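Each remark here refers to the structure printed beneath this line.
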Amino acid sequence: MSRKKSFLIAMSGGSGSGKSTVAEALLAHLGPDRAVMFGEDAYYHPMSYYGAPSTEEERAALVAGINYDDPKSKEVDHLVSDLKALKAGEAVEQPIYDYERHDRSKNTRRIESAPVLILEGIHALSMPKIRSFIDLSVYVDTPDDLRLARRIRRDVLERGRTVHSVLLQYMSTVRSAHYRWTYPAKFDADLVIADEGLPAYGDVKPSPEAIERMLAPVLARLQTAGVI
């Protein structure tokens, strides 16, 4: 008997919306035997896609001209190929993207298929080529000011950026790209989850009660579909 195809949950929302936090909580709830998560950000094009800068100045200029909030910044066909394999029960070697170098690592991450696949990212619901693979679409809806606060904290502390560079990128490309590609998906999503104001700064974790409330509609859909 052939293995039942995996159930794909695609979770999106603006940068800093808390979608990763919700996706990780869902993964923890389901457990490693029933679910696996993979981020869409892993599929940013490698630097070689844009050319071969020979100096740091050329590299910096090249990076400054790339709109990372445009779906075109992703290697969509590679993502589609990996989705097909995972849904069919096969393992994949997912790329690893180095945010400090703005380039793809030489290493890969092996991902084994699972009954539930969780894809999260700002374009998870905005790429036409993957829509047919999605079994449940979820949009995490969060106010712009809270998302920006979280983005500044993440990029400065985790990705080696300066506050100035984060704000410059946000005003030049991030904000407009959000309303062009990410936000419209809210109106087509199967579920829209309102952010309860999960912490934007510090090491304070969201309360178990808040996470439970945000996960409840997702778990209800999975129960209705007979997945859990």
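A note on labels: chains of the structure tokens are A, B, ... as shown, every chain counts residues from 1, and ligands are counted from 1 in their shown order.
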
(Q) Among range 9-225 of chain A, which residues does DSSP mark as alpha helix (DSSP H) when it is run on the backbone? Keep the chain and numbering as in the structure and answer as a PyMOL selection string. (A) chain A and resi 19-30+56-64+76-87+144-159+163-169+175-177+208-224

Let's have the selection written as a CSV table (one decimal), in the first residue's frame, with C-alpha atoms.
```csv
chain,number,residue,atom,x,y,z
A,19,LYS,CA,4.5,33.4,11.9
A,20,SER,CA,7.7,31.6,12.8
A,21,THR,CA,6.8,31.5,16.5
A,22,VAL,CA,3.3,30.1,15.7
A,23,ALA,CA,4.8,27.6,13.2
A,24,GLU,CA,7.4,26.4,15.8
A,25,ALA,CA,4.7,26.1,18.4
A,26,LEU,CA,2.6,24.0,16.0
A,27,LEU,CA,5.6,21.8,15.3
A,28,ALA,CA,6.3,21.3,19.0
A,29,HIS,CA,2.6,20.4,19.6
A,30,LEU,CA,2.5,17.8,16.8
A,56,GLU,CA,33.5,43.6,-1.2
A,57,GLU,CA,32.4,46.9,-2.7
A,58,GLU,CA,30.9,45.2,-5.7
A,59,ARG,CA,29.3,42.7,-3.5
A,60,ALA,CA,27.8,45.3,-1.2
A,61,ALA,CA,26.4,47.2,-4.2
A,62,LEU,CA,24.9,44.1,-5.6
A,63,VAL,CA,23.2,43.2,-2.4
A,64,ALA,CA,21.9,46.7,-2.0
A,76,VAL,CA,10.8,28.9,-6.7
A,77,ASP,CA,11.4,25.9,-9.0
A,78,HIS,CA,13.8,24.4,-6.4
A,79,LEU,CA,11.1,24.9,-3.7
A,80,VAL,CA,8.5,23.3,-5.9
A,81,SER,CA,10.8,20.3,-6.6
A,82,ASP,CA,11.4,19.8,-2.8
A,83,LEU,CA,7.7,20.2,-2.0
A,84,LYS,CA,6.8,17.5,-4.6
A,85,ALA,CA,9.4,15.1,-3.1
A,86,LEU,CA,8.3,15.8,0.6
A,87,LYS,CA,4.6,15.3,-0.2
A,144,ASP,CA,2.8,47.1,11.2
A,145,ASP,CA,4.4,48.9,14.2
A,146,LEU,CA,4.8,45.6,16.1
A,147,ARG,CA,6.2,43.8,13.0
A,148,LEU,CA,8.8,46.6,12.5
A,149,ALA,CA,9.9,46.4,16.1
A,150,ARG,CA,10.4,42.7,15.8
A,151,ARG,CA,12.3,43.0,12.5
A,152,ILE,CA,14.7,45.5,13.9
A,153,ARG,CA,15.5,43.3,16.9
A,154,ARG,CA,15.9,40.2,14.8
A,155,ASP,CA,18.1,41.7,12.1
A,156,VAL,CA,20.4,43.6,14.5
A,157,LEU,CA,20.8,40.8,17.1
A,158,GLU,CA,20.7,37.7,14.8
A,159,ARG,CA,21.8,38.9,11.4
A,163,VAL,CA,19.4,49.8,12.8
A,164,HIS,CA,20.0,52.3,10.0
A,165,SER,CA,20.3,49.6,7.4
A,166,VAL,CA,17.2,47.8,8.6
A,167,LEU,CA,15.1,51.0,8.5
A,168,LEU,CA,16.5,52.0,5.1
A,169,GLN,CA,15.5,48.6,3.7
A,175,ARG,CA,6.8,48.0,3.3
A,176,SER,CA,5.8,48.3,-0.3
A,177,ALA,CA,6.5,44.7,-1.1
A,208,PRO,CA,1.3,29.2,26.8
A,209,GLU,CA,-2.3,30.5,26.9
A,210,ALA,CA,-1.7,33.0,24.1
A,211,ILE,CA,0.0,30.3,21.9
A,212,GLU,CA,-2.8,27.8,22.7
A,213,ARG,CA,-5.4,30.3,21.5
A,214,MET,CA,-3.5,31.0,18.3
A,215,LEU,CA,-3.0,27.4,17.5
A,216,ALA,CA,-6.6,26.3,18.3
A,217,PRO,CA,-8.1,27.1,14.9
A,218,VAL,CA,-5.3,25.3,13.1
A,219,LEU,CA,-5.6,22.2,15.2
A,220,ALA,CA,-9.4,22.2,14.7
A,221,ARG,CA,-8.8,22.2,10.9
A,222,LEU,CA,-6.4,19.4,11.2
A,223,GLN,CA,-8.8,17.3,13.3
A,224,THR,CA,-11.6,18.0,10.8
```

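Using only C-alpha atoms, the smallest distance between any of A:Asp69, A:Glu93, A:Asp33, A:Asp41 and Leu117 in chain A comes from A:Asp33.
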
Distance table requested - range 61-98 of chain A against range 179-182 of chain A, cut-off 12 Å, only C-alpha atoms: one row per qualifying residue with the closest atom pair and its distance in Å to one decimal, ordered by chain and rising residue number, as JSON lines.
```
{"residue": "A:Asp69", "atom": "CA", "partner": "A:Trp181", "partner_atom": "CA", "distance": 8.6}
{"residue": "A:Asp70", "atom": "CA", "partner": "A:Trp181", "partner_atom": "CA", "distance": 7.5}
{"residue": "A:Pro71", "atom": "CA", "partner": "A:Trp181", "partner_atom": "CA", "distance": 7.8}
{"residue": "A:Lys72", "atom": "CA", "partner": "A:Trp181", "partner_atom": "CA", "distance": 10.9}
```

Could those residues be written to a file, using N, CA and C atoms, as a CSV table (one decimal), in the first residue's frame?
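Once written, out_0.csv looks like this:
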```csv
chain,number,residue,atom,x,y,z
A,69,ASP,N,12.3,41.1,-0.6
A,69,ASP,CA,10.9,40.9,-0.3
A,69,ASP,C,10.0,40.7,-1.5
A,70,ASP,N,10.7,40.6,-2.7
A,70,ASP,CA,10.0,40.2,-3.9
A,70,ASP,C,10.1,38.7,-4.1
A,71,PRO,N,9.0,38.0,-4.4
A,71,PRO,CA,9.1,36.6,-4.6
A,71,PRO,C,10.1,36.2,-5.6
A,72,LYS,N,10.5,37.1,-6.5
A,72,LYS,CA,11.6,36.7,-7.5
A,72,LYS,C,12.9,36.5,-6.9
```

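Compared by their closest atoms to Arg109 in chain A, and using only C-alpha atoms, the residues A:Leu136, A:Ala185, A:Val227, A:Ala91 rank with A:Ala91 nearest.
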
Q: Give the strand (DSSP E) residues of range 15-177 of chain A, as assigned by DSSP on the backbone, as a PyMOL selection string.
A: chain A and resi 35-39+92-98+103-111+116-120+136-141

Q. Suppose you want the space between CA of Tyr139 in chain A and CA of Gly121 in chain A; what is it in Å?
A.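 Here the two named atoms are 10.1 Å from each other.
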
Q: Could you jot down the CA of Ile9 in chain A to CA of Ile118 in chain A separation for me, Å, one decimal place?
A: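 A separation of 4.9 Å between them.
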
Q) Looking at only C-alpha atoms, which of A:Gly39, A:Gly89, A:Gly14, A:Pro184 is the one that sits closest to Ala114 in chain A? A)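 Closest candidate: A:Gly89.
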
Q: Tell me, as a ChimeraX atom specification, which residues lie within 7 Å of range 96-104 of chain A, counting only C-alpha atoms; anything in the same chain fewer than 5 positions away does not count.
A: /A:42,44,46-47,109,159-160

(Q) What does the structure give for the distance between CA of Val140 in chain A and CA of Gly226 in chain A, in Å to one decimal? (A) 23.2 Å

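Counting only C-alpha atoms and comparing A:Lys106, A:Ile111, A:Leu8, A:Ala124, the residue that lies closest to Lys186 in chain A is A:Ala124.
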
Q) Given the choices A:Ser126, A:Thr173, A:Thr55, A:Thr142, which gets closest to Ala10 in chain A if the distance is worked out from only C-alpha atoms? A)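 Closest residue, counting only C-alpha atoms: A:Ser126.
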